[in-house]
Each structure stands twice: as C-alpha cells, then as structure tokens.
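Source file: upload_22.csv (CSV, C-alpha atoms)
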```
chain,number,residue,atom,x,y,z
A,270,MET,CA,8.5,-9.0,-5.4
A,271,GLN,CA,6.1,-9.4,-2.5
A,272,MET,CA,4.7,-6.2,-1.1
A,273,PRO,CA,5.1,-5.6,2.7
A,274,SER,CA,1.9,-6.2,4.7
A,275,ARG,CA,0.1,-3.2,5.9
A,276,HIS,CA,-2.9,-2.8,8.2
A,277,ALA,CA,-6.0,-0.8,7.5
A,278,LEU,CA,-8.7,-0.3,10.2
A,279,VAL,CA,-12.2,0.3,8.8
A,280,LEU,CA,-14.8,2.0,11.1
A,281,SER,CA,-18.2,1.2,9.7
A,282,HIS,CA,-21.7,2.3,10.9
A,283,VAL,CA,-24.1,0.1,8.9
A,284,ALA,CA,-23.1,-3.1,7.2
A,285,PHE,CA,-24.2,-2.2,3.7
A,286,GLU,CA,-22.1,1.0,3.5
A,287,ASP,CA,-18.8,-0.9,3.1
A,288,LEU,CA,-15.5,-0.4,1.3
A,289,GLY,CA,-16.9,-1.1,-2.1
A,290,SER,CA,-14.4,-0.2,-4.8
A,291,LEU,CA,-11.8,0.7,-2.2
A,292,GLU,CA,-11.3,-2.9,-1.1
A,293,ALA,CA,-9.5,-4.1,-4.2
A,294,PRO,CA,-6.9,-1.3,-4.3
A,295,LEU,CA,-6.2,-1.7,-0.6
A,296,ARG,CA,-5.5,-5.4,-1.1
A,297,ALA,CA,-3.4,-4.6,-4.1
A,298,HIS,CA,-1.3,-2.2,-2.0
A,299,GLY,CA,-0.7,-5.0,0.5
A,300,PHE,CA,-3.2,-4.1,3.2
A,301,GLU,CA,-4.7,-6.5,5.6
A,302,ILE,CA,-8.2,-5.2,6.4
A,303,GLU,CA,-9.8,-5.1,9.9
A,304,SER,CA,-13.4,-3.9,10.1
A,305,VAL,CA,-15.0,-2.6,13.4
A,306,LEU,CA,-18.6,-1.5,13.8
A,307,ALA,CA,-18.2,1.8,15.5
A,308,ALA,CA,-21.5,1.6,17.5
A,309,THR,CA,-20.3,-1.5,19.4
A,310,ALA,CA,-16.6,-0.8,19.4
A,311,ARG,CA,-14.8,-0.6,22.8
A,312,PHE,CA,-13.0,2.7,22.5
A,313,PRO,CA,-10.3,3.7,22.7
A,314,LEU,CA,-9.0,1.5,19.9
A,315,PRO,CA,-5.2,1.3,20.0
A,316,GLN,CA,-5.2,0.0,16.4
A,317,ALA,CA,-6.9,3.3,15.3
A,318,VAL,CA,-3.6,5.1,15.9
A,319,GLU,CA,-1.2,2.2,15.2
A,320,SER,CA,-2.7,1.1,11.9
A,321,ASP,CA,-1.2,2.2,8.6
A,322,LEU,CA,-4.5,3.6,7.4
A,323,LEU,CA,-7.8,4.4,9.1
A,324,VAL,CA,-10.9,4.4,6.9
A,325,VAL,CA,-14.2,5.9,8.4
A,326,LEU,CA,-17.3,5.0,6.4
A,327,GLY,CA,-20.7,6.5,6.0
A,328,GLY,CA,-23.9,6.0,7.9
A,329,PRO,CA,-27.4,7.5,8.4
A,330,ILE,CA,-26.8,9.4,11.7
A,331,GLY,CA,-25.5,12.9,12.3
A,332,VAL,CA,-22.3,14.0,14.1
A,333,TYR,CA,-24.5,16.1,16.4
A,334,ASP,CA,-26.7,13.0,17.4
A,335,ASP,CA,-24.3,12.1,20.3
A,336,GLN,CA,-27.0,12.1,22.9
A,337,ASP,CA,-28.8,9.3,21.1
A,338,TYR,CA,-25.6,7.7,19.9
A,339,PRO,CA,-22.9,8.4,22.6
A,340,PHE,CA,-20.3,6.3,20.8
A,341,LEU,CA,-19.9,9.3,18.4
A,342,ILE,CA,-18.0,11.2,21.2
A,343,ASP,CA,-15.4,8.5,21.5
A,344,GLU,CA,-15.2,8.0,17.7
A,345,ILE,CA,-14.5,11.7,17.1
A,346,ALA,CA,-11.9,11.6,19.9
A,347,CYS,CA,-10.3,8.6,18.1
A,348,ILE,CA,-10.3,10.4,14.8
A,349,ARG,CA,-8.8,13.6,16.4
A,350,GLU,CA,-6.0,11.5,17.9
A,351,ARG,CA,-5.3,10.0,14.5
A,352,LEU,CA,-5.3,13.4,12.8
A,353,ALA,CA,-3.0,14.8,15.5
A,354,ALA,CA,-0.6,12.0,14.8
A,355,ARG,CA,-0.7,13.0,11.0
A,356,LYS,CA,-1.2,9.4,10.0
A,357,PRO,CA,-3.2,8.4,6.8
A,358,ILE,CA,-6.9,8.6,7.2
A,359,VAL,CA,-9.8,8.8,4.7
A,360,GLY,CA,-13.4,9.6,5.6
A,361,ILE,CA,-16.4,9.0,3.4
A,362,CYS,CA,-19.7,10.9,3.9
A,363,LEU,CA,-20.4,10.6,7.7
A,364,GLY,CA,-16.7,9.8,7.9
A,365,ALA,CA,-15.8,13.1,6.4
A,366,GLN,CA,-18.2,14.9,8.7
A,367,LEU,CA,-16.6,13.2,11.7
A,368,MET,CA,-13.2,14.3,10.5
A,369,ALA,CA,-14.4,17.8,10.1
A,370,ALA,CA,-15.9,17.8,13.6
A,371,ALA,CA,-12.6,16.4,15.0
A,372,LEU,CA,-10.8,19.3,13.3
A,373,GLY,CA,-13.1,21.8,15.0
A,374,ALA,CA,-15.4,22.6,12.1
A,375,ARG,CA,-19.2,22.9,12.3
A,376,VAL,CA,-21.3,20.0,11.0
A,377,TYR,CA,-25.0,20.8,10.5
A,378,PRO,CA,-28.2,20.0,8.4
A,379,GLY,CA,-27.8,21.4,4.9
A,380,ASN,CA,-30.0,24.3,4.1
A,381,LYS,CA,-30.8,22.9,0.6
A,382,GLY,CA,-32.1,19.6,1.8
A,383,ALA,CA,-30.9,16.1,1.2
A,384,GLU,CA,-28.6,15.5,-1.7
A,385,ILE,CA,-29.4,12.0,-2.9
A,386,GLY,CA,-28.5,10.7,-6.4
A,387,TRP,CA,-25.9,11.2,-9.1
A,388,SER,CA,-24.2,14.4,-10.2
A,389,PRO,CA,-20.8,15.5,-11.2
A,390,LEU,CA,-18.2,17.2,-9.0
A,391,GLU,CA,-16.9,20.7,-9.7
A,392,THR,CA,-13.3,21.7,-9.0
A,393,ALA,CA,-13.0,24.0,-6.0
A,394,PRO,CA,-12.4,27.7,-7.0
A,395,ASN,CA,-8.9,28.7,-7.8
A,396,LEU,CA,-7.6,25.1,-7.5
A,397,GLN,CA,-5.3,23.1,-9.7
A,398,PRO,CA,-6.5,19.7,-8.4
A,399,PRO,CA,-3.9,17.1,-7.3
A,400,ALA,CA,-3.2,14.5,-10.0
A,401,TRP,CA,-4.6,11.8,-7.8
A,402,PHE,CA,-8.0,13.6,-7.6
A,403,ALA,CA,-8.3,14.3,-11.3
A,404,PRO,CA,-10.1,11.0,-12.3
A,405,LEU,CA,-13.1,12.1,-10.3
A,406,LEU,CA,-13.3,15.4,-12.1
A,407,THR,CA,-13.1,13.9,-15.6
A,408,HIS,CA,-15.9,15.0,-18.0
A,409,GLY,CA,-18.7,12.4,-18.0
A,410,VAL,CA,-18.1,11.2,-14.5
A,411,SER,CA,-20.9,11.6,-12.0
A,412,VAL,CA,-20.5,10.6,-8.4
A,413,PHE,CA,-23.1,9.3,-5.9
A,414,HIS,CA,-24.4,11.5,-3.1
A,415,TRP,CA,-26.5,10.5,-0.1
A,416,HIS,CA,-26.4,13.0,2.7
A,417,GLY,CA,-28.5,15.6,4.4
A,418,ASP,CA,-25.8,17.2,6.5
A,419,THR,CA,-22.9,19.3,5.4
A,420,PHE,CA,-19.9,21.0,7.1
A,421,ASP,CA,-17.7,24.0,7.1
A,422,LEU,CA,-14.3,23.6,5.7
A,423,PRO,CA,-11.9,22.8,8.5
A,424,SER,CA,-9.1,25.3,9.2
A,425,GLY,CA,-6.0,24.5,7.2
A,426,ALA,CA,-7.8,22.2,4.8
A,427,LEU,CA,-7.4,22.2,1.1
A,428,HIS,CA,-10.8,22.5,-0.6
A,429,LEU,CA,-10.9,20.0,-3.4
A,430,ALA,CA,-14.4,19.9,-4.9
A,431,LYS,CA,-18.0,21.1,-4.7
A,432,SER,CA,-21.3,20.1,-6.2
A,433,GLU,CA,-24.2,22.1,-7.6
A,434,MET,CA,-26.0,21.8,-4.2
A,435,TYR,CA,-23.2,21.9,-1.6
A,436,GLU,CA,-19.9,23.7,-1.5
A,437,ASN,CA,-17.8,21.3,0.6
A,438,GLN,CA,-17.6,17.9,-1.1
A,439,ALA,CA,-13.9,17.0,-0.6
A,440,PHE,CA,-11.0,18.3,1.4
A,441,ALA,CA,-7.4,17.3,2.2
A,442,ILE,CA,-5.2,17.9,5.2
A,443,GLY,CA,-1.5,17.8,4.2
A,444,ASN,CA,-0.6,14.6,2.4
A,445,PHE,CA,-2.2,12.2,4.9
A,446,ALA,CA,-5.9,13.1,5.4
A,447,LEU,CA,-8.8,13.0,2.9
A,448,GLY,CA,-12.5,13.8,3.6
A,449,LEU,CA,-15.1,12.9,0.9
A,450,GLN,CA,-18.7,14.0,1.4
A,451,PHE,CA,-19.8,12.0,-1.7
A,452,HIS,CA,-19.5,8.3,-2.3
A,453,PRO,CA,-16.8,7.2,-4.8
A,454,GLU,CA,-16.9,3.6,-3.5
A,455,VAL,CA,-20.3,2.5,-4.7
A,456,SER,CA,-21.3,0.1,-7.4
A,457,ALA,CA,-24.7,-0.6,-9.0
A,458,ALA,CA,-24.9,-4.0,-7.4
A,459,GLY,CA,-23.8,-2.7,-4.0
A,460,LEU,CA,-26.4,0.1,-4.0
A,461,GLU,CA,-29.2,-2.5,-4.1
A,462,SER,CA,-28.6,-3.0,-0.3
A,463,TRP,CA,-28.7,0.8,0.2
A,464,TYR,CA,-32.2,1.1,-1.3
A,465,VAL,CA,-33.5,-1.4,1.2
A,466,GLY,CA,-31.5,-0.1,4.2
A,467,HIS,CA,-32.6,3.5,3.6
A,468,ALA,CA,-36.1,2.7,2.4
A,469,SER,CA,-37.7,4.9,5.0
A,470,GLU,CA,-35.6,7.9,4.1
A,471,LEU,CA,-36.3,7.4,0.4
A,472,HIS,CA,-40.1,7.2,1.2
A,473,HIS,CA,-40.0,10.4,3.2
A,474,ALA,CA,-37.9,12.2,0.5
A,475,GLY,CA,-40.3,11.1,-2.2
A,476,ILE,CA,-37.5,9.4,-4.1
A,477,ALA,CA,-38.2,6.1,-5.9
A,478,ALA,CA,-35.6,3.4,-5.6
A,479,ALA,CA,-36.3,2.6,-9.3
A,480,SER,CA,-35.2,6.0,-10.4
A,481,LEU,CA,-31.9,5.7,-8.5
A,482,ARG,CA,-31.5,2.2,-10.0
A,483,ARG,CA,-31.9,3.6,-13.5
A,484,ALA,CA,-29.4,6.3,-12.9
A,485,ALA,CA,-26.9,3.8,-11.4
A,486,ARG,CA,-27.1,1.8,-14.7
A,487,GLU,CA,-26.1,4.9,-16.5
A,488,HIS,CA,-23.4,6.3,-14.1
A,489,ALA,CA,-22.1,3.5,-11.8
A,490,GLY,CA,-19.8,1.8,-14.3
A,491,VAL,CA,-18.1,5.0,-15.3
A,492,LEU,CA,-17.6,5.9,-11.7
A,493,GLU,CA,-16.2,2.5,-10.8
A,494,GLU,CA,-13.5,2.9,-13.5
A,495,ALA,CA,-12.7,6.4,-12.4
A,496,ALA,CA,-12.7,5.5,-8.7
A,497,ALA,CA,-10.4,2.6,-9.3
A,498,HIS,CA,-7.9,4.9,-10.9
A,499,PHE,CA,-8.4,7.6,-8.2
A,500,TRP,CA,-7.9,5.1,-5.3
A,501,LYS,CA,-4.7,3.7,-6.8
A,502,LEU,CA,-3.3,7.2,-7.4
A,503,TRP,CA,-4.2,8.4,-3.9
A,504,LEU,CA,-2.7,5.3,-2.2
A,505,ASP,CA,0.4,5.5,-4.3
A,506,ALA,CA,0.8,9.2,-3.3
A,507,VAL,CA,0.3,8.5,0.4
A,508,PHE,CA,2.2,5.2,0.6
A,509,ARG,CA,4.9,5.8,-1.9
A,510,ARG,CA,6.6,2.6,-3.1
```
Produce structure tokens that represent the structure in this file.
Amino acid sequence: MQMPSRHALVLSHVAFEDLGSLEAPLRAHGFEIESVLAATARFPLPQAVESDLLVVLGGPIGVYDDQDYPFLIDEIACIRERLAARKPIVGICLGAQLMAAALGARVYPGNKGAEIGWSPLETAPNLQPPAWFAPLLTHGVSVFHWHGDTFDLPSGALHLAKSEMYENQAFAIGNFALGLQFHPEVSAAGLESWYVGHASELHHAGIAAASLRRAAREHAGVLEEAAAHFWKLWLDAVFRR
C-alpha cells in the first residue's frame, strides 16, 4: 500500500550540518523534503506553518547574535508561529535553542564551556522516558555533542535528558514538538565535513580532529543504529498510521 505524501521543511544554517540519519526515516514515512538555508530565506515562509513537519538544524551561531545575523529574529518568529499552531517540529542543537527562545526561555553561553565530543545521555530526574526516546538512553549508546550555548527549560516542557556537563539536553512540548541539544543525526562519514567546517573552533578549543575521529569510530555506528530506531518510533508516535 502506497503511503500518502507528506511535506517536511528543513531549515539549515550550514550545509554540512544536514539531516544525516533522519533523512531515511523521513522518506520511509512518505515525506517529500524541502531544504531552505535560513540565512538567505525570504521570511515569512508560508510552508513553515503549512508543512507536515518543520525540522530546524544546527549551526555555529548563537540565538542572541541577532545584531550580526538579523535573520534569526524572523526565524524565531517563524518557529513561534509553528509552535503556536501545535504542529510537529523538531529542533537539533541551534534548532533546539531557537525553539527554546521562541517559547520564551533564556538561551546563553554555558558556564562549563563548550561540550564537544561523545558522551551518554542521562534520563531526566523523576522521568519514565517515552518509549520513543528510550533507544537513545540504552546502555552503551553515546551521542555526539557540539555546542557552547545552553538554555533554560521552556515553561510547560517535559525535560527528557541531561548530560554530565549540561542539564537540558532534550525536551518535548505535548506530542508535537521535540528539542534536542545533542546531535543524534550524525555519522562517522558525515562528521568529516564538520571537522573541516569547524576547524577554527576546534583549534581554539584545543581539540584535535583526530581524537574526535577516533571516538567516532567507536561510537558512531552504535548511535546510528539507536538513532534509526528512535527516529522511526518518534515519527510513528507523531504521525500515527
């Protein structure tokens, strides 16, 4: 039986931070994918509210950098409208921070410095995690982090996960919105472009690309398997067939 066609709008900020492992599950769920570079988008974007799913990806700028990057003001307004309509949205890293800002939460430089590399998630206190989130909390699964900013938990959000460094790693709003501070979408091969694109940041942080590459060889395959299961379960839950 042929699945109905759905439309996903993807807002990206740099070309190499792409859908990664999320692309195949989206296509398996019948999504046609439209990608828009937020920095050059002509907001407002009608499809941002009309699409079946909005995906907001990561990038190397901060939510509060709107004087240098004024498109952020329009992007946050776009996300706020989507959230107000209670239509499915997922934000990854910068995308989650933009969602938090759109919901009125504070986004700011983390007081423990940049979190770059691989480490496991921890379940948020006093939470029985949703079944769709459980694959990312499985013993032996480490996720990839690359952020210097963090955010306060938005009002009304369900706190899903934390890491050793930062408290707010994932949150959900109702059954339609998901914010992920970490990167579940990465692969070892895809990260090679990150090491080049973020070379200056790595240099200033004193982190060698070779060390991240070695860690990716250990952890990326396990994450890809867990993430494929997670994405399928989440999409099934949001777009019940």
Cut-off 10 Å: closest region 343-382 of chain A/region 272-282 of chain A atom pairs per residue, using all atoms listed in the file, as CSV:
```
residue,atom,partner,partner_atom,distance
A:Glu344,CA,A:Leu280,CA,8.9
A:Pro357,CA,A:Ala277,CA,9.6
A:Ile358,CA,A:Ala277,CA,9.4
A:Val359,CA,A:Val279,CA,9.7
A:Gly360,CA,A:Leu280,CA,9.5
A:Leu363,CA,A:His282,CA,9.0
A:Gly364,CA,A:Leu280,CA,8.6
```
Kindly assemble as CSV a list of the region 277-385 of chain A residues that lie within 12 Å of region 480-494 of chain A, each paired with its nearest atom pair and their distance in Å to one decimal, using only C-alpha atoms, sorted first by chain and then by ascending residue number.
```
residue,atom,partner,partner_atom,distance
A:Gly289,CA,A:Glu493,CA,9.4
A:Ser290,CA,A:Glu493,CA,6.8
A:Leu291,CA,A:Glu493,CA,9.8
A:Ala293,CA,A:Glu493,CA,11.5
A:Pro294,CA,A:Glu493,CA,12.0
A:Ile385,CA,A:Leu481,CA,8.8
```
Can you find the residues with an atom no farther than 7 Å from (-7.2, 21.7, 2.8), counting all atoms listed in the file, and report them as a CSV table (one decimal) with C-alpha atoms, keeping the file's coordinate frame?
```csv
chain,number,residue,atom,x,y,z
A,425,GLY,CA,-6.0,24.5,7.2
A,426,ALA,CA,-7.8,22.2,4.8
A,427,LEU,CA,-7.4,22.2,1.1
A,428,HIS,CA,-10.8,22.5,-0.6
A,440,PHE,CA,-11.0,18.3,1.4
A,441,ALA,CA,-7.4,17.3,2.2
A,442,ILE,CA,-5.2,17.9,5.2
```
Residue with smallest distance to Trp463 (chain A) - pool A:Phe451, A:Phe285, A:Phe402, A:Tyr338, counting only C-alpha atoms: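 For Trp463 (chain A), the nearest of the candidates is A:Phe285.
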Among the residues A:Ala346, A:Leu449, A:Ala393, A:Ala495, the one that comes closest to Val410 (chain A) [using all atoms listed in the file]: A:Ala495
Determine, counting only C-alpha atoms, which protein, DNA and RNA residues have an atom within 12 Å of an atom of Pro313 (chain A); residues of the same chain fewer than 4 positions away are not included. Present the result as a compact mmCIF listing (two decimals) with C-alpha atoms, in the frame of the given file.
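Below you can see selection36.txt, which holds the result:
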```txt
# COMPACT_ATOMS: atom_id res chain seq x y z
CA ALA A 307 -18.20 1.80 15.50
CA THR A 309 -20.30 -1.50 19.40
CA ALA A 317 -6.90 3.30 15.30
CA VAL A 318 -3.60 5.10 15.90
CA GLU A 319 -1.20 2.20 15.20
CA PHE A 340 -20.30 6.30 20.80
CA LEU A 341 -19.90 9.30 18.40
CA ILE A 342 -18.00 11.20 21.20
CA ASP A 343 -15.40 8.50 21.50
CA GLU A 344 -15.20 8.00 17.70
CA ILE A 345 -14.50 11.70 17.10
CA ALA A 346 -11.90 11.60 19.90
CA CYS A 347 -10.30 8.60 18.10
CA ILE A 348 -10.30 10.40 14.80
CA ARG A 349 -8.80 13.60 16.40
CA GLU A 350 -6.00 11.50 17.90
CA ARG A 351 -5.30 10.00 14.50
```
Shortest interatomic distance to Tyr377 (chain A) - which of A:Asp421, A:Glu461, A:Asp287, A:Asp505, counting all atoms listed in the file: A:Asp421
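We find CA of Trp387 (chain A) and CA of Leu502 (chain A) to be spaced 23.0 Å apart.
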Shortest interatomic distance to Ala365 (chain A) - which of A:Phe420, A:Phe413, A:Phe300, A:Tyr435, counting all atoms listed in the file: A:Phe420
Atom-to-atom span, CA of Leu504 (chain A) and CA of Pro453 (chain A), Å: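 Between these atoms lies a distance of 14.5 Å.
Picture a line from CA of Gly328 (chain A) to CA of His452 (chain A); it runs 11.3 Å.
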Nearest to Ala479 (chain A), chosen from A:Pro399, A:Gly373, A:Pro329, A:Gly386, with only C-alpha atoms counted in the distances: A:Gly386
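Nearest residue to Glu301 (chain A), choosing from A:Asp321, A:Gln336, A:Phe445, A:Ala430 and counting only C-alpha atoms: A:Asp321.
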Do you know which residues are at most 8 Å from region 404-409 of chain A counting all atoms listed in the file, after dropping those on the same chain fewer than 2 positions away, and could you put them as a PDB file with C-alpha atoms, in the coordinates of the input?
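This went into out09.pdb:
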```pdb
ATOM      1  CA  PRO A 389     -20.800  15.500 -11.200  1.00  0.00           C
ATOM      2  CA  LEU A 390     -18.200  17.200  -9.000  1.00  0.00           C
ATOM      3  CA  GLU A 391     -16.900  20.700  -9.700  1.00  0.00           C
ATOM      4  CA  THR A 392     -13.300  21.700  -9.000  1.00  0.00           C
ATOM      5  CA  TRP A 401      -4.600  11.800  -7.800  1.00  0.00           C
ATOM      6  CA  PHE A 402      -8.000  13.600  -7.600  1.00  0.00           C
ATOM      7  CA  SER A 411     -20.900  11.600 -12.000  1.00  0.00           C
ATOM      8  CA  VAL A 412     -20.500  10.600  -8.400  1.00  0.00           C
ATOM      9  CA  VAL A 491     -18.100   5.000 -15.300  1.00  0.00           C
ATOM     10  CA  LEU A 492     -17.600   5.900 -11.700  1.00  0.00           C
ATOM     11  CA  ALA A 495     -12.700   6.400 -12.400  1.00  0.00           C
ATOM     12  CA  ALA A 496     -12.700   5.500  -8.700  1.00  0.00           C
ATOM     13  CA  HIS A 498      -7.900   4.900 -10.900  1.00  0.00           C
ATOM     14  CA  PHE A 499      -8.400   7.600  -8.200  1.00  0.00           C
TER      15      PHE A 499
END
```
